[in-house]
file input05.txt (compact mmCIF, C-alpha atoms)
# COMPACT_ATOMS: atom_id res chain seq x y z
CA MET A 1 -54.08 -44.22 -39.83
CA SER A 2 -52.59 -47.60 -40.41
CA ALA A 3 -51.53 -49.72 -37.45
CA LEU A 4 -48.28 -50.39 -39.36
CA THR A 5 -47.32 -46.72 -39.58
CA ARG A 6 -44.39 -45.93 -37.30
CA GLU A 7 -44.59 -43.09 -34.80
CA ILE A 8 -42.01 -40.70 -33.40
CA LEU A 9 -42.60 -38.75 -30.18
CA VAL A 10 -41.07 -35.29 -30.53
CA GLY A 11 -39.82 -34.02 -27.18
CA SER A 12 -39.74 -30.45 -25.91
CA ASP A 13 -37.32 -28.15 -27.71
CA GLN A 14 -36.71 -30.77 -30.40
CA PHE A 15 -37.77 -31.32 -33.98
CA GLU A 16 -38.11 -34.26 -36.34
CA VAL A 17 -38.04 -34.25 -40.13
CA VAL A 18 -39.51 -37.10 -42.16
CA THR A 19 -39.62 -37.97 -45.85
CA GLU A 20 -41.54 -41.22 -45.53
CA ASP A 21 -44.91 -42.23 -44.11
CA LEU A 22 -44.44 -41.70 -40.37
CA ILE A 23 -46.55 -40.14 -37.65
CA LEU A 24 -45.06 -37.39 -35.51
CA ARG A 25 -46.55 -36.83 -32.04
CA ALA A 26 -46.08 -34.11 -29.46
CA GLN A 27 -47.61 -33.63 -26.01
CA LEU A 28 -48.33 -29.94 -25.47
CA ASN A 29 -48.51 -28.55 -21.97
CA CYS A 30 -47.66 -24.86 -22.10
CA ALA A 31 -46.01 -25.41 -25.46
CA ILE A 32 -46.15 -24.76 -29.20
CA ALA A 33 -46.07 -27.30 -32.04
CA VAL A 34 -45.02 -26.02 -35.46
CA CYS A 35 -46.02 -28.47 -38.19
CA VAL A 36 -44.47 -27.79 -41.61
CA PHE A 37 -45.07 -29.92 -44.69
CA ASP A 38 -44.71 -29.82 -48.44
CA THR A 39 -47.92 -30.48 -50.33
CA VAL A 40 -46.11 -31.98 -53.34
CA ASP A 41 -42.98 -33.71 -52.03
CA GLU A 42 -44.71 -35.47 -49.08
CA ALA A 43 -42.08 -34.41 -46.56
CA GLY A 44 -42.57 -32.58 -43.30
CA ALA A 45 -41.35 -31.63 -39.87
CA LEU A 46 -42.68 -31.05 -36.37
CA LEU A 47 -40.99 -28.61 -34.00
CA HIS A 48 -42.00 -28.67 -30.32
CA LEU A 49 -41.22 -25.49 -28.35
CA ARG A 50 -41.87 -24.95 -24.65
CA CYS A 51 -43.33 -21.71 -23.30
CA VAL A 52 -41.46 -21.03 -20.08
CA ALA A 53 -41.48 -18.16 -17.61
CA ARG A 54 -39.31 -18.35 -14.54
CA ALA A 55 -40.81 -17.28 -11.23
CA GLY A 56 -39.82 -13.79 -10.19
CA SER A 57 -38.45 -12.82 -13.60
CA ASN A 58 -39.76 -10.79 -16.50
CA PRO A 59 -42.60 -12.84 -18.07
CA ASP A 60 -41.65 -11.76 -21.60
CA ALA A 61 -39.36 -13.97 -23.62
CA THR A 62 -35.74 -12.85 -23.38
CA ASP A 63 -33.57 -12.18 -26.42
CA THR A 64 -31.64 -15.34 -25.60
CA THR A 65 -34.82 -17.43 -25.50
CA LEU A 66 -36.10 -16.00 -28.78
CA ALA A 67 -32.69 -16.46 -30.43
CA THR A 68 -32.62 -20.10 -29.33
CA GLU A 69 -36.14 -20.69 -30.66
CA LEU A 70 -35.28 -18.95 -33.93
CA LEU A 71 -32.19 -21.13 -34.28
CA LEU A 72 -34.24 -24.30 -33.70
CA LEU A 73 -36.87 -23.15 -36.18
CA ASP A 74 -34.23 -22.33 -38.80
CA ARG A 75 -32.46 -25.67 -38.26
CA CYS A 76 -35.79 -27.47 -38.59
CA VAL A 77 -36.65 -25.82 -41.92
CA GLN A 78 -33.10 -26.21 -43.25
CA SER A 79 -33.16 -29.90 -42.32
CA LEU A 80 -36.49 -30.27 -44.11
CA ARG A 81 -35.09 -28.58 -47.21
CA ALA A 82 -31.96 -30.78 -47.10
CA ALA A 83 -34.05 -33.96 -46.75
CA ALA A 84 -36.47 -32.90 -49.48
CA PRO A 85 -34.67 -30.47 -51.82
CA GLN A 86 -37.63 -30.33 -54.21
CA ALA A 87 -39.97 -29.13 -51.44
CA ARG A 88 -41.22 -25.71 -52.50
CA ALA A 89 -44.94 -25.71 -51.61
CA LEU A 90 -44.60 -25.40 -47.83
CA LYS A 91 -47.59 -25.12 -45.56
CA ALA A 92 -47.48 -24.60 -41.80
CA ARG A 93 -49.84 -25.10 -38.89
CA ILE A 94 -49.20 -23.86 -35.36
CA ILE A 95 -50.89 -25.54 -32.42
CA VAL A 96 -50.61 -24.03 -28.95
CA HIS A 97 -51.48 -24.92 -25.40
CA VAL A 98 -51.02 -22.26 -22.74
CA PRO A 99 -53.21 -22.04 -19.64
CA ALA A 100 -55.22 -18.80 -19.46
CA ASN A 101 -53.61 -17.68 -16.20
CA SER A 102 -50.10 -18.90 -16.98
CA THR A 103 -47.17 -16.57 -16.34
CA ALA A 104 -45.68 -17.99 -19.56
CA ARG A 105 -48.41 -16.44 -21.73
CA PRO A 106 -46.40 -13.29 -22.70
CA ALA A 107 -43.38 -15.42 -23.62
CA CYS A 108 -45.61 -17.71 -25.66
CA GLU A 109 -47.13 -14.77 -27.52
CA SER A 110 -43.65 -13.43 -28.35
CA THR A 111 -42.64 -16.84 -29.69
CA LEU A 112 -45.82 -17.08 -31.78
CA THR A 113 -45.06 -13.71 -33.35
CA LEU A 114 -41.51 -14.83 -34.14
CA VAL A 115 -42.67 -18.11 -35.68
CA GLY A 116 -45.34 -16.37 -37.74
CA HIS A 117 -42.86 -13.86 -39.18
CA PHE A 118 -40.36 -16.62 -39.91
CA MET A 119 -42.96 -18.68 -41.79
CA GLN A 120 -43.97 -15.60 -43.76
CA ASP A 121 -40.30 -14.88 -44.61
CA ILE A 122 -39.72 -18.39 -46.01
CA GLY A 123 -42.90 -18.21 -48.07
CA ALA A 124 -44.82 -20.91 -46.19
CA GLU A 125 -48.61 -20.74 -46.30
CA LEU A 126 -49.61 -20.36 -42.65
CA ALA A 127 -53.00 -21.52 -41.39
CA PRO A 128 -54.61 -19.67 -38.45
CA VAL A 129 -53.07 -20.50 -35.07
CA ASP A 130 -54.95 -23.17 -33.10
CA LEU A 131 -54.73 -22.05 -29.45
CA ALA A 132 -56.30 -23.71 -26.41
CA THR A 133 -56.15 -22.71 -22.76
CA ASP A 134 -57.82 -25.64 -21.02
CA GLN A 135 -56.43 -29.20 -20.97
CA PRO A 136 -52.99 -30.14 -22.36
CA ARG A 137 -53.12 -31.24 -25.99
CA GLU A 138 -51.69 -34.00 -28.12
CA VAL A 139 -50.64 -33.30 -31.71
CA VAL A 140 -50.68 -36.20 -34.17
CA PHE A 141 -49.13 -35.14 -37.49
CA ARG A 142 -48.72 -37.26 -40.62
CA PRO A 143 -46.69 -35.05 -42.98
CA CYS A 144 -46.80 -37.28 -46.07
CA MET A 145 -50.60 -36.99 -46.09
CA GLY A 146 -50.69 -33.44 -44.73
CA THR A 147 -53.04 -34.57 -41.95
CA LEU A 148 -53.08 -33.17 -38.46
CA GLN A 149 -55.16 -34.19 -35.47
CA VAL A 150 -55.27 -32.30 -32.20
CA ARG A 151 -56.67 -34.13 -29.20
call {"tool": "encode", "arguments": {"input": "input05.txt", "output": "structure tokens"}}
result
Amino acid sequence: MSALTREILVGSDQFEVVTEDLILRAQLNCAIAVCVFDTVDEAGALLHLRCVARAGSNPDATDTTLATELLLLDRCVQSLRAAAPQARALKARIIVHVPANSTARPACESTLTLVGHFMQDIGAELAPVDLATDQPREVVFRPCMGTLQVR
């Protein structure tokens, strides 16, 4: 990756859409990164979702949480389609970090199911989920090249 390529850090519960040669980064610590890109139009997006479970509450994701995540996911894809209207060959990768003994694991699994169904509904080709339970992860995504590194 060129030293001249600009980078954007995507924070928790945020997304970024790019149509030029930029690098999108996300730090995953009990979180999900959804990387979507078009293989022809060289546009893409990174959505960073947290997996949260509050102490003393039901560990499953609530309807409100899932609705919020679905809204963010829909806004992300709609923004990508608005920025790159010719984008029709969408591919998606999902990268996850959730500690093995985390109380957020059930909520994370519910969110992964939701994201997978959404990607299927929009016709995106979805690669197998990349899940890790040990150290937090860093996602480095360059949509215009369709390259993704996970560190």
call {"tool": "closest_residue", "arguments": {"input": "input05.txt", "among": "A:Leu71, A:Val96, A:Val34, A:Leu9", "to": "A:Leu131", "atoms": "all atoms listed in the file"}}
result
A:Val96
call {"tool": "residues_near_point", "arguments": {"input": "input05.txt", "point": "(-47.6, -19.2, -37.9)", "cutoff": "12 Å", "atoms": "only C-alpha atoms", "output": "number ranges by chain"}}
result
A: 32-36, 73, 91-96, 109-131
call {"tool": "atom_distance", "arguments": {"input": "input05.txt", "atom1": "atom CA of A:Val77", "atom2": "atom CA of A:Leu90"}}
result
9.9 Å
call {"tool": "closest_residue", "arguments": {"input": "input05.txt", "among": "A:Arg151, A:Arg105, A:Arg25, A:His97", "to": "A:Leu46", "atoms": "all atoms listed in the file"}}
result
A:Arg25
call {"tool": "residues_near_point", "arguments": {"input": "input05.txt", "point": "(-52.3, -36.5, -35.6)", "cutoff": "7 Å", "atoms": "all atoms listed in the file", "output": "list in words"}}
result
Arg25, Val139, Val140, Phe141, Arg142, Thr147, Leu148, Gln149 and Val150 of chain A
call {"tool": "atom_distance", "arguments": {"input": "input05.txt", "atom1": "atom CA of A:Ala31", "atom2": "atom CA of A:Ala43"}}
result
23.3 Å
call {"tool": "closest_residue", "arguments": {"input": "input05.txt", "among": "A:Ile23, A:Met145, A:Val18, A:Cys108", "to": "A:Val52", "atoms": "all atoms listed in the file"}}
result
A:Cys108
call {"tool": "atom_distance", "arguments": {"input": "input05.txt", "atom1": "atom CA of A:Ala82", "atom2": "atom CA of A:Thr65"}}
result
25.6 Å
call {"tool": "axis_aligned_box", "arguments": {"input": "input05.txt", "around": "stretch 29-40 of chain A", "padding_each_side": "5 Å", "output": "AutoDock Vina command-line options"}}
result
--center_x -46.5 --center_y -28.4 --center_z -37.7 --size_x 14.0 --size_y 17.2 --size_z 41.4
call {"tool": "closest_residue", "arguments": {"input": "input05.txt", "among": "A:Leu80, A:Ala87, A:Val10, A:Cys30", "to": "A:Ser102", "atoms": "only C-alpha atoms"}}
result
A:Cys30
call {"tool": "closest_residue", "arguments": {"input": "input05.txt", "among": "A:Arg137, A:Thr68, A:Arg50, A:Gln27", "to": "A:Ala107", "atoms": "all atoms listed in the file"}}
result
A:Arg50
call {"tool": "build_atoms", "arguments": {"input": "input05.txt", "residues": "stretch 62-84 of chain A", "atoms": "N, CA and C atoms", "output": "PDB file, in the frame of the given file"}}
result
ATOM      1  N   THR A  62     -36.983 -13.597 -23.290  1.00  0.00           N
ATOM      2  CA  THR A  62     -35.740 -12.850 -23.380  1.00  0.00           C
ATOM      3  C   THR A  62     -35.176 -12.966 -24.793  1.00  0.00           C
ATOM      4  N   ASP A  63     -34.234 -12.100 -25.119  1.00  0.00           N
ATOM      5  CA  ASP A  63     -33.570 -12.180 -26.420  1.00  0.00           C
ATOM      6  C   ASP A  63     -32.894 -13.531 -26.600  1.00  0.00           C
ATOM      7  N   THR A  64     -32.315 -14.043 -25.529  1.00  0.00           N
ATOM      8  CA  THR A  64     -31.640 -15.340 -25.600  1.00  0.00           C
ATOM      9  C   THR A  64     -32.634 -16.448 -25.907  1.00  0.00           C
ATOM     10  N   THR A  65     -33.787 -16.426 -25.251  1.00  0.00           N
ATOM     11  CA  THR A  65     -34.820 -17.430 -25.500  1.00  0.00           C
ATOM     12  C   THR A  65     -35.300 -17.356 -26.943  1.00  0.00           C
ATOM     13  N   LEU A  66     -35.614 -16.156 -27.412  1.00  0.00           N
ATOM     14  CA  LEU A  66     -36.100 -16.000 -28.780  1.00  0.00           C
ATOM     15  C   LEU A  66     -35.029 -16.394 -29.796  1.00  0.00           C
ATOM     16  N   ALA A  67     -33.769 -16.070 -29.524  1.00  0.00           N
ATOM     17  CA  ALA A  67     -32.690 -16.460 -30.430  1.00  0.00           C
ATOM     18  C   ALA A  67     -32.551 -17.978 -30.500  1.00  0.00           C
ATOM     19  N   THR A  68     -32.701 -18.635 -29.365  1.00  0.00           N
ATOM     20  CA  THR A  68     -32.620 -20.100 -29.330  1.00  0.00           C
ATOM     21  C   THR A  68     -33.777 -20.705 -30.116  1.00  0.00           C
ATOM     22  N   GLU A  69     -34.976 -20.172 -29.935  1.00  0.00           N
ATOM     23  CA  GLU A  69     -36.140 -20.690 -30.660  1.00  0.00           C
ATOM     24  C   GLU A  69     -36.016 -20.427 -32.152  1.00  0.00           C
ATOM     25  N   LEU A  70     -35.497 -19.263 -32.526  1.00  0.00           N
ATOM     26  CA  LEU A  70     -35.280 -18.950 -33.930  1.00  0.00           C
ATOM     27  C   LEU A  70     -34.253 -19.902 -34.544  1.00  0.00           C
ATOM     28  N   LEU A  71     -33.204 -20.196 -33.806  1.00  0.00           N
ATOM     29  CA  LEU A  71     -32.190 -21.130 -34.280  1.00  0.00           C
ATOM     30  C   LEU A  71     -32.796 -22.521 -34.502  1.00  0.00           C
ATOM     31  N   LEU A  72     -33.582 -22.997 -33.542  1.00  0.00           N
ATOM     32  CA  LEU A  72     -34.240 -24.300 -33.700  1.00  0.00           C
ATOM     33  C   LEU A  72     -35.178 -24.306 -34.906  1.00  0.00           C
ATOM     34  N   LEU A  73     -35.944 -23.257 -35.059  1.00  0.00           N
ATOM     35  CA  LEU A  73     -36.870 -23.150 -36.180  1.00  0.00           C
ATOM     36  C   LEU A  73     -36.112 -23.143 -37.508  1.00  0.00           C
ATOM     37  N   ASP A  74     -35.042 -22.381 -37.579  1.00  0.00           N
ATOM     38  CA  ASP A  74     -34.230 -22.330 -38.800  1.00  0.00           C
ATOM     39  C   ASP A  74     -33.597 -23.684 -39.087  1.00  0.00           C
ATOM     40  N   ARG A  75     -33.055 -24.341 -38.068  1.00  0.00           N
ATOM     41  CA  ARG A  75     -32.460 -25.670 -38.260  1.00  0.00           C
ATOM     42  C   ARG A  75     -33.506 -26.675 -38.729  1.00  0.00           C
ATOM     43  N   CYS A  76     -34.704 -26.582 -38.198  1.00  0.00           N
ATOM     44  CA  CYS A  76     -35.790 -27.470 -38.590  1.00  0.00           C
ATOM     45  C   CYS A  76     -36.109 -27.308 -40.076  1.00  0.00           C
ATOM     46  N   VAL A  77     -36.312 -26.073 -40.517  1.00  0.00           N
ATOM     47  CA  VAL A  77     -36.650 -25.820 -41.920  1.00  0.00           C
ATOM     48  C   VAL A  77     -35.482 -26.169 -42.834  1.00  0.00           C
ATOM     49  N   GLN A  78     -34.262 -25.856 -42.432  1.00  0.00           N
ATOM     50  CA  GLN A  78     -33.100 -26.210 -43.250  1.00  0.00           C
ATOM     51  C   GLN A  78     -32.950 -27.724 -43.365  1.00  0.00           C
ATOM     52  N   SER A  79     -33.215 -28.436 -42.277  1.00  0.00           N
ATOM     53  CA  SER A  79     -33.160 -29.900 -42.320  1.00  0.00           C
ATOM     54  C   SER A  79     -34.244 -30.460 -43.239  1.00  0.00           C
ATOM     55  N   LEU A  80     -35.406 -29.856 -43.212  1.00  0.00           N
ATOM     56  CA  LEU A  80     -36.490 -30.270 -44.110  1.00  0.00           C
ATOM     57  C   LEU A  80     -36.084 -30.035 -45.559  1.00  0.00           C
ATOM     58  N   ARG A  81     -35.518 -28.894 -45.842  1.00  0.00           N
ATOM     59  CA  ARG A  81     -35.090 -28.580 -47.210  1.00  0.00           C
ATOM     60  C   ARG A  81     -33.946 -29.487 -47.670  1.00  0.00           C
ATOM     61  N   ALA A  82     -33.051 -29.864 -46.747  1.00  0.00           N
ATOM     62  CA  ALA A  82     -31.960 -30.780 -47.100  1.00  0.00           C
ATOM     63  C   ALA A  82     -32.492 -32.196 -47.374  1.00  0.00           C
ATOM     64  N   ALA A  83     -33.478 -32.621 -46.583  1.00  0.00           N
ATOM     65  CA  ALA A  83     -34.050 -33.960 -46.750  1.00  0.00           C
ATOM     66  C   ALA A  83     -34.947 -34.047 -47.977  1.00  0.00           C
ATOM     67  N   ALA A  84     -35.564 -32.937 -48.338  1.00  0.00           N
ATOM     68  CA  ALA A  84     -36.470 -32.900 -49.480  1.00  0.00           C
ATOM     69  C   ALA A  84     -36.176 -31.644 -50.305  1.00  0.00           C
TER      70      ALA A  84
END
